Amino acid sequence: MKNKLLLYIVTLIEGMVLTTACEDFLDTESLSNDSREYLCSNPTDARKMVNHIYSFFCEDSYSSRMSNNWMQNTDVEMALVSKEQAIAHNDRRGVWALNIGDFGDIRTSWEHNYNTIDFANQVIEGIEASDMYKAGDADMKQLLGEAYCLRAFRYFLLCNFWGDVPFSTTPSKYGENNNTPRVDKNIIYSHIIQDIINVEEDMKWADKMSSGVELMNREFAIGFIAKLALFRAGYSMQADGTMQRCRIDDQIKQVIYTDENDVKRSAKTSDDFYRVARAYCRKLIKLKDRALPTNFKGIFDAQINTASSPNNDVLFEIGFVQNGGGDVGWNIGLSVVGGSKGSGTTYTNLSPKYACSFDKEDQRYAVTCAPYRYLTESTQNAMGPFGISPAKWCRLDLITPTADKNTGINWPVLRYPDVLLMLAEADNEINGTPTNEAKTMLKRVRDRAFVNSSDFNKLLKVDIYIAGLTSYESFKKAIINERAWEFGGECIRKFDLIRWNYYSEAIVNTIDWITSVGINSQQLNKVNNELIYDKDKVIEDMGVASILYFGFDNGLLQFENDIFTLRKDKDIPYKNAVTIKDDEIKAGFTNTSNEKVPYRIDFARNFISVSDQDPTTKQPYGTDDNGDPIKKGIINESILYSWYGLTDGVIYNGLEDSSPLKTKPTPYVMPIPASKVTNSGGVLSNDGYGIRNK
């Protein structure tokens with residue numbers, strides 16, 4: 001049974017209302033100094049206060065917005081956006097299409113972040129003023145560490161979604177004017193890194209806490225320092241709309257830390273923070289190493305009905321309770337249209353390029369990518385290339401049925417493989433070449449991925465693969481790929497792409513792949529900026545299925561080929577394959593032979609439609625010299641508009657040269673809510689930062 005936290009029950013303390021109301025960007029209805037001192041005077045009451053900080057995780061602003069829904073579109077997580085939706089920019093689809101405009105969810109998320117921060121500021125001040133903390137009480141030290149980590153996590157979200165943001169580490173007071181200007185995100189990163197460095201040694205390991213990894217613990221704190229350090233070292237959107245590393249290193253207070261060898265060091269420049277990341281990854285490995293569990297699926301199964309165990313893969317996960325928070329299995333996860341355990345059709349799908357990039361022997365593929373969905377508990381149907389669900393969580397695995405939302409499935413925030421790969425990445429950046437240590441970290445992750453392969457194939461896909469990574473660039477690319485394969489559907493890719501300054505290139509590579517595979521699959525040639533069908537063109541085997549063929553066994557899918565396998569659609573039995581609708585499957589099959597009839601759904605062929613008529617005029621294109629109807633291909637409109645904020649003005653029909661977009665900054669920064677800008681008296685604005693819709 002899950003050891004769920006009280007934090008997901010609204011915490012009320014007699015005589016005090018702990019909810020917050022917003023004026024400008026910070027709560028100004030704060031607890032009095034006397035109240036803070038009383039409520040944070042002992043571990044029992046202070047735990048209630050800290051749990052209230054956690055409670056904001058169960059709000060939609062985090063559970064179904066900032067944690068997953070808003071973390072697309074990338075080269076991994078994505079959802080198709082139509083032209084009309086992309087241009088409208090007035091809901092979540094504008095976020096996906098990178099053409100972000102102000103709407104209610106943005107305002108709510110901004111407010112919830114700052115409400116959380118302000119309450120954390122109050123708790124930090126209260127605990128630090130308490131006699132029990134000053135006397136060295138271990139529980140009070142742990143609670144203080146959690147409060148600092150929780151505040152840092154909210155600033156981490158703010159800096160990645162909104163860029164430079166207002167920054168405060170003191171509680172707001174009623175009646176104060178809290179119109180605070182934007183602060184460079186690197187100042188914020190340096191500050192919160194130092195905060196956690198100062199408290200992590202006083203925090204408890206997860207296996208010493210009754211709630212385990214459902215509370216922020218020492219291993220999470222150490223890993224989070226490393227992650228924040230990589231963001232401090234990396235790229236981000238600047239006020240002038242360019243992607244740069246920190247340009248004000250000399251104006252930021254240096255971070256003081258003790259490395260894994262107990263040597264005191266300082267970090268001031270961006271490059272210094274790669275050393276911070278490496279030091280804290282090494283520190284965690286030295287103090288609390290653990291073998292990666294070999295069953296990749298088991299990691300996520302544990303989050304569905306129980307919770308991840310300490311000293312395992314997950315360092316920290318959000319602990320949700322049914323009907324009290326958490327939308328995993330509702331708006332993210334393997335899609336379930338209906339049934340006794342509720343429904344949940346994912347808002348987040350996985351890019352077909354990403355799914356096809358897996359090695360088919362990698363156990364992470366089947367756990368991560370599902371080219372199908374459940375119609376009921378006992379029936380399935382195949383999905384096309386843009387309906388690939390992130391399959392790590394499925395509500396049908398719930399022991400206790402629940403309403404559609406608030407499934408109670410936990411959400412992973414930081415896993416141990418992340419620490420291993422961060423160490424490999426930081427070490428490569430420091431040395432400019434992959435060292436044995438960096439390669440060993442990568443090997444540990446890939447060993448698990450191919451644990452079910454034959455000895456020969458494992459040697460080929462792990463040892464020989466890693467041995468071939470001999471340069472800085474090849475190893476960096478390998479880390480970029482490995483993080484995609486390991487964490488797909490966990491929605492951390494967007495922030496990684498930002499810090500690598502690889503977002504635009506990743507988008508262009510995805511669009512180019514989709515286009516080239518679609519052209520091949522539909523037997524098209526580029527002629528005078530058009531795609532012309534050529535019936536004699538041989539379809540090249542690019543390791544991608546043009547069409548998926550399948551049958552059924554008692555309503556469940558039996559694929560004849562996978563997404564990596566091309567079949568000749570003019571050969572028997574494939575040429576006789578037919579499509580099937582959801583309602584036909586749910587109605588049942590009259591006999592076994594009907595289940596085995598070859599069915600089909602377009603995969604790569606879905607990228608481009610081919611017709612002998614102009615889609616606008618409905619007039620035929622005419623005939624060629626042989627008297628055959630001329631057919632032309634049109635790239636799926638949503639492919640052209642799903643990254644509209646980047647592609648606008650460059651890509652119109654998908655045949656243009658997209659290479660200039662690789663160096664154009666992707667406009668990922670959200671506008672500060674208009675009401676906050678208006679009420680700031682000119683202190684805040686949405687000028688700059690690549691913001692398209694102010």
# chains A, B, ... in the order shown; residues from 1 in each chain; ligands from 1
>>> residues_around(residues="range 681-687 of chain A", least_positions_apart="6", cutoff="10 Å", atoms="only C-alpha atoms", output="number ranges by chain")
A: 162, 165-166, 179-182, 239-241, 669-674, 693-694
>>> select_by_dssp(residues="range 527-600 of chain A", states="strand (DSSP E)", output="PyMOL selection string")
chain A and resi 527+530-533+547-553+556-559+599-600
>>> write_last_selection(atoms="C-alpha atoms", output="PDB file, in the first residue's frame")
ATOM      1  CA  VAL A 527       9.912  18.369 -58.873  1.00  0.00           C
ATOM      2  CA  GLU A 530       6.202  19.941 -55.650  1.00  0.00           C
ATOM      3  CA  LEU A 531       5.946  16.293 -54.706  1.00  0.00           C
ATOM      4  CA  ILE A 532       5.037  14.139 -57.719  1.00  0.00           C
ATOM      5  CA  TYR A 533       4.010  10.505 -57.396  1.00  0.00           C
ATOM      6  CA  ILE A 547       1.908   0.582 -42.912  1.00  0.00           C
ATOM      7  CA  LEU A 548       1.267  -1.402 -39.741  1.00  0.00           C
ATOM      8  CA  TYR A 549      -0.525  -4.722 -40.278  1.00  0.00           C
ATOM      9  CA  PHE A 550      -2.343  -6.525 -37.483  1.00  0.00           C
ATOM     10  CA  GLY A 551      -5.038  -8.919 -36.373  1.00  0.00           C
ATOM     11  CA  PHE A 552      -6.699  -9.633 -33.031  1.00  0.00           C
ATOM     12  CA  ASP A 553      -6.786 -12.313 -30.385  1.00  0.00           C
ATOM     13  CA  LEU A 556      -6.282  -7.590 -28.220  1.00  0.00           C
ATOM     14  CA  LEU A 557      -3.895  -6.575 -30.977  1.00  0.00           C
ATOM     15  CA  GLN A 558      -1.500  -8.979 -32.642  1.00  0.00           C
ATOM     16  CA  PHE A 559       0.881  -6.934 -34.801  1.00  0.00           C
ATOM     17  CA  TYR A 599      -6.026  -5.082 -40.889  1.00  0.00           C
ATOM     18  CA  ARG A 600      -3.944  -2.016 -41.544  1.00  0.00           C
TER      19      ARG A 600
END
>>> residues_around(residues="Thr170 in chain A", least_positions_apart="3", cutoff="9 Å", atoms="only C-alpha atoms", output="PDB file with N, CA and C atoms, in the first residue's frame")
ATOM      1  N   ASP A 118       6.444  31.829  -1.633  1.00  0.00           N
ATOM      2  CA  ASP A 118       6.249  32.709  -0.488  1.00  0.00           C
ATOM      3  C   ASP A 118       5.975  31.909   0.776  1.00  0.00           C
ATOM      4  N   ASN A 121       9.206  30.537   1.902  1.00  0.00           N
ATOM      5  CA  ASN A 121       9.984  31.577   2.581  1.00  0.00           C
ATOM      6  C   ASN A 121       9.548  31.726   4.037  1.00  0.00           C
ATOM      7  N   GLN A 122       8.244  31.672   4.266  1.00  0.00           N
ATOM      8  CA  GLN A 122       7.731  31.800   5.628  1.00  0.00           C
ATOM      9  C   GLN A 122       8.161  30.609   6.486  1.00  0.00           C
ATOM     10  N   ILE A 124      10.773  28.599   5.990  1.00  0.00           N
ATOM     11  CA  ILE A 124      12.220  28.657   6.208  1.00  0.00           C
ATOM     12  C   ILE A 124      12.548  29.616   7.351  1.00  0.00           C
ATOM     13  N   GLU A 125      11.941  30.800   7.311  1.00  0.00           N
ATOM     14  CA  GLU A 125      12.199  31.778   8.363  1.00  0.00           C
ATOM     15  C   GLU A 125      11.731  31.261   9.715  1.00  0.00           C
TER      16      GLU A 125
END
>>> closest_residue(among="A:Ile479, A:Val451, A:Phe224, A:Ile197", to="Pro293 in chain A", atoms="only C-alpha atoms")
A:Val451
>>> closest_residue(among="A:Asn217, A:Asn436, A:Ser357, A:Gln303", to="Cys394 in chain A", atoms="only C-alpha atoms")
A:Gln303
>>> residues_around(residues="Thr440 in chain A", least_positions_apart="5", cutoff="9 Å", atoms="only C-alpha atoms", output="PDB file with C-alpha atoms, in the first residue's frame")
ATOM      1  CA  LEU A 420      24.862   8.720 -13.921  1.00  0.00           C
ATOM      2  CA  ALA A 424      29.073  11.438 -17.908  1.00  0.00           C
ATOM      3  CA  THR A 435      37.071   9.527 -20.125  1.00  0.00           C
ATOM      4  CA  VAL A 445      22.564   2.789 -18.204  1.00  0.00           C
ATOM      5  CA  ILE A 466      30.596   2.957 -26.277  1.00  0.00           C
TER       6      ILE A 466
END
>>> select_by_dssp(residues="range 275-346 of chain A", states="alpha helix (DSSP H)", output="ChimeraX atom specification")
/A:275-288,296-305
>>> write_last_selection(atoms="N, CA and C atoms", output="CSV table (one decimal), in the first residue's frame")
chain,number,residue,atom,x,y,z
A,275,ARG,N,31.9,21.5,-13.0
A,275,ARG,CA,32.7,20.8,-12.0
A,275,ARG,C,31.8,20.6,-10.7
A,276,VAL,N,30.9,21.6,-10.5
A,276,VAL,CA,30.0,21.4,-9.4
A,276,VAL,C,29.1,20.2,-9.7
A,277,ALA,N,28.6,20.1,-10.9
A,277,ALA,CA,27.7,18.9,-11.3
A,277,ALA,C,28.4,17.6,-11.1
A,278,ARG,N,29.7,17.6,-11.6
A,278,ARG,CA,30.4,16.4,-11.5
A,278,ARG,C,30.7,16.0,-10.1
A,279,ALA,N,31.1,17.0,-9.3
A,279,ALA,CA,31.4,16.7,-7.9
A,279,ALA,C,30.2,16.1,-7.1
A,280,TYR,N,29.0,16.7,-7.3
A,280,TYR,CA,27.9,16.2,-6.6
A,280,TYR,C,27.3,14.9,-7.1
A,281,CYS,N,27.5,14.6,-8.4
A,281,CYS,CA,27.2,13.3,-8.9
A,281,CYS,C,28.1,12.2,-8.3
A,282,ARG,N,29.4,12.6,-8.3
A,282,ARG,CA,30.4,11.7,-7.7
A,282,ARG,C,30.1,11.5,-6.2
A,283,LYS,N,29.7,12.5,-5.5
A,283,LYS,CA,29.4,12.5,-4.1
A,283,LYS,C,28.3,11.5,-3.8
A,284,LEU,N,27.2,11.6,-4.6
A,284,LEU,CA,26.1,10.7,-4.4
A,284,LEU,C,26.5,9.2,-4.7
A,285,ILE,N,27.3,9.0,-5.7
A,285,ILE,CA,27.7,7.7,-6.1
A,285,ILE,C,28.6,7.1,-5.0
A,286,LYS,N,29.5,8.0,-4.4
A,286,LYS,CA,30.4,7.6,-3.4
A,286,LYS,C,29.6,7.2,-2.1
A,287,LEU,N,28.6,8.0,-1.7
A,287,LEU,CA,27.9,7.8,-0.5
A,287,LEU,C,26.7,6.9,-0.6
A,288,LYS,N,26.1,6.8,-1.7
A,288,LYS,CA,24.8,6.1,-1.8
A,288,LYS,C,24.6,5.4,-3.2
A,296,PHE,N,13.0,-2.6,-16.3
A,296,PHE,CA,12.7,-1.2,-16.5
A,296,PHE,C,11.2,-0.9,-16.3
A,297,LYS,N,10.4,-1.8,-16.7
A,297,LYS,CA,8.9,-1.6,-16.5
A,297,LYS,C,8.6,-1.5,-15.1
A,298,GLY,N,9.3,-2.3,-14.2
A,298,GLY,CA,8.9,-2.3,-12.8
A,298,GLY,C,9.1,-1.0,-12.1
A,299,ILE,N,9.9,-0.1,-12.7
A,299,ILE,CA,10.1,1.2,-12.1
A,299,ILE,C,8.8,2.0,-12.0
A,300,PHE,N,8.1,1.9,-13.1
A,300,PHE,CA,6.9,2.7,-13.3
A,300,PHE,C,5.6,1.9,-12.8
A,301,ASP,N,5.7,0.6,-12.8
A,301,ASP,CA,4.6,-0.2,-12.2
A,301,ASP,C,4.5,0.2,-10.7
A,302,ALA,N,5.6,0.4,-10.0
A,302,ALA,CA,5.6,0.7,-8.6
A,302,ALA,C,4.9,2.0,-8.3
A,303,GLN,N,4.9,2.9,-9.3
A,303,GLN,CA,4.3,4.2,-9.0
A,303,GLN,C,2.8,4.2,-9.2
A,304,ILE,N,2.3,3.1,-9.8
A,304,ILE,CA,0.9,3.1,-10.0
A,304,ILE,C,0.0,2.7,-8.8
A,305,ASN,N,0.4,1.7,-8.1
A,305,ASN,CA,-0.3,1.2,-6.9
A,305,ASN,C,0.4,1.4,-5.6
>>> closest_residue(among="A:Arg218, A:Lys477, A:Arg493, A:Lys268", to="Leu350 in chain A", atoms="only C-alpha atoms")
A:Arg493
>>> residues_around(residues="Asp60 in chain A", least_positions_apart="5", cutoff="9 Å", atoms="only C-alpha atoms", output="PyMOL selection string")
chain A and resi 65-66+105+109+325-327
>>> closest_residue(among="A:Arg93, A:Arg446, A:Lys83, A:His112", to="Ile53 in chain A", atoms="only C-alpha atoms")
A:His112
>>> closest_residue(among="A:Ser335, A:Thr346, A:Thr407, A:Thr169", to="Asn69 in chain A", atoms="only C-alpha atoms")
A:Thr346
>>> residues_around(residues="Tyr472 in chain A", least_positions_apart="2", cutoff="9 Å", atoms="only C-alpha atoms", output="PyMOL selection string")
chain A and resi 428-429+431-434+469-470+474-477
>>> closest_residue(among="A:Thr345, A:Asn501, A:Thr294, A:Ser389", to="Phe450 in chain A", atoms="only C-alpha atoms")
A:Thr294
>>> residues_around(residues="Ser504 in chain A", least_positions_apart="2", cutoff="8 Å", atoms="only C-alpha atoms", output="PyMOL selection string")
chain A and resi 501-502+506-508+646+661-666
>>> decode(residues="range 444-511 of chain A", atoms="C-alpha atoms", output="mmCIF file, in the first residue's frame")
data_model
loop_
_atom_site.group_PDB
_atom_site.id
_atom_site.type_symbol
_atom_site.label_atom_id
_atom_site.label_comp_id
_atom_site.auth_asym_id
_atom_site.auth_seq_id
_atom_site.Cartn_x
_atom_site.Cartn_y
_atom_site.Cartn_z
ATOM 1 C CA ARG A 444 25.669 1.322 -16.582
ATOM 2 C CA VAL A 445 22.564 2.789 -18.204
ATOM 3 C CA ARG A 446 22.907 0.867 -21.461
ATOM 4 C CA ASP A 447 23.660 -2.404 -19.674
ATOM 5 C CA ARG A 448 20.161 -2.333 -18.249
ATOM 6 C CA ALA A 449 18.612 -1.297 -21.556
ATOM 7 C CA PHE A 450 19.986 -4.408 -23.265
ATOM 8 C CA VAL A 451 19.892 -6.807 -20.324
ATOM 9 C CA ASN A 452 17.637 -9.178 -22.288
ATOM 10 C CA SER A 453 19.854 -9.267 -25.397
ATOM 11 C CA SER A 454 22.135 -12.149 -26.278
ATOM 12 C CA ASP A 455 25.727 -11.868 -25.057
ATOM 13 C CA PHE A 456 26.886 -11.074 -28.582
ATOM 14 C CA ASN A 457 24.260 -8.406 -29.200
ATOM 15 C CA LYS A 458 24.855 -6.865 -25.793
ATOM 16 C CA LEU A 459 28.564 -6.696 -26.558
ATOM 17 C CA LEU A 460 27.742 -4.992 -29.860
ATOM 18 C CA LYS A 461 25.128 -2.553 -28.566
ATOM 19 C CA VAL A 462 26.828 -1.629 -25.303
ATOM 20 C CA ASP A 463 30.574 -2.249 -25.172
ATOM 21 C CA ILE A 464 31.466 -1.806 -28.834
ATOM 22 C CA TYR A 465 29.028 1.089 -29.210
ATOM 23 C CA ILE A 466 30.596 2.957 -26.277
ATOM 24 C CA ALA A 467 34.149 2.104 -27.336
ATOM 25 C CA GLY A 468 33.432 3.838 -30.639
ATOM 26 C CA LEU A 469 32.666 7.126 -28.897
ATOM 27 C CA THR A 470 36.138 8.649 -29.047
ATOM 28 C CA SER A 471 35.503 12.384 -29.434
ATOM 29 C CA TYR A 472 33.800 15.084 -27.402
ATOM 30 C CA GLU A 473 31.132 15.563 -30.080
ATOM 31 C CA SER A 474 30.322 11.882 -30.564
ATOM 32 C CA PHE A 475 30.016 11.341 -26.826
ATOM 33 C CA LYS A 476 27.868 14.439 -26.335
ATOM 34 C CA LYS A 477 25.543 13.235 -29.099
ATOM 35 C CA ALA A 478 25.409 9.831 -27.406
ATOM 36 C CA ILE A 479 24.386 11.467 -24.121
ATOM 37 C CA ILE A 480 21.706 13.509 -25.891
ATOM 38 C CA ASN A 481 20.336 10.315 -27.429
ATOM 39 C CA GLU A 482 20.616 8.230 -24.270
ATOM 40 C CA ARG A 483 18.713 10.759 -22.205
ATOM 41 C CA ALA A 484 15.929 10.630 -24.791
ATOM 42 C CA TRP A 485 15.715 6.833 -24.686
ATOM 43 C CA GLU A 486 15.910 6.659 -20.894
ATOM 44 C CA PHE A 487 13.476 9.436 -19.980
ATOM 45 C CA GLY A 488 10.965 9.502 -22.843
ATOM 46 C CA GLY A 489 7.476 10.425 -21.633
ATOM 47 C CA GLU A 490 8.837 11.724 -18.314
ATOM 48 C CA CYS A 491 8.854 15.191 -19.841
ATOM 49 C CA ILE A 492 12.316 16.470 -19.008
ATOM 50 C CA ARG A 493 13.461 16.753 -22.619
ATOM 51 C CA LYS A 494 12.306 20.328 -23.182
ATOM 52 C CA PHE A 495 14.456 21.760 -20.415
ATOM 53 C CA ASP A 496 17.436 19.641 -21.520
ATOM 54 C CA LEU A 497 17.154 20.935 -25.086
ATOM 55 C CA ILE A 498 17.138 24.496 -23.745
ATOM 56 C CA ARG A 499 20.327 24.152 -21.696
ATOM 57 C CA TRP A 500 22.116 22.373 -24.561
ATOM 58 C CA ASN A 501 20.969 25.046 -27.042
ATOM 59 C CA TYR A 502 19.833 22.105 -29.145
ATOM 60 C CA TYR A 503 16.096 22.783 -29.229
ATOM 61 C CA SER A 504 15.913 24.289 -32.726
ATOM 62 C CA GLU A 505 18.185 21.701 -34.293
ATOM 63 C CA ALA A 506 16.176 18.899 -32.699
ATOM 64 C CA ILE A 507 12.952 20.315 -34.153
ATOM 65 C CA VAL A 508 14.429 20.726 -37.633
ATOM 66 C CA ASN A 509 15.848 17.197 -37.571
ATOM 67 C CA THR A 510 12.415 15.861 -36.592
ATOM 68 C CA ILE A 511 10.603 17.710 -39.379
#
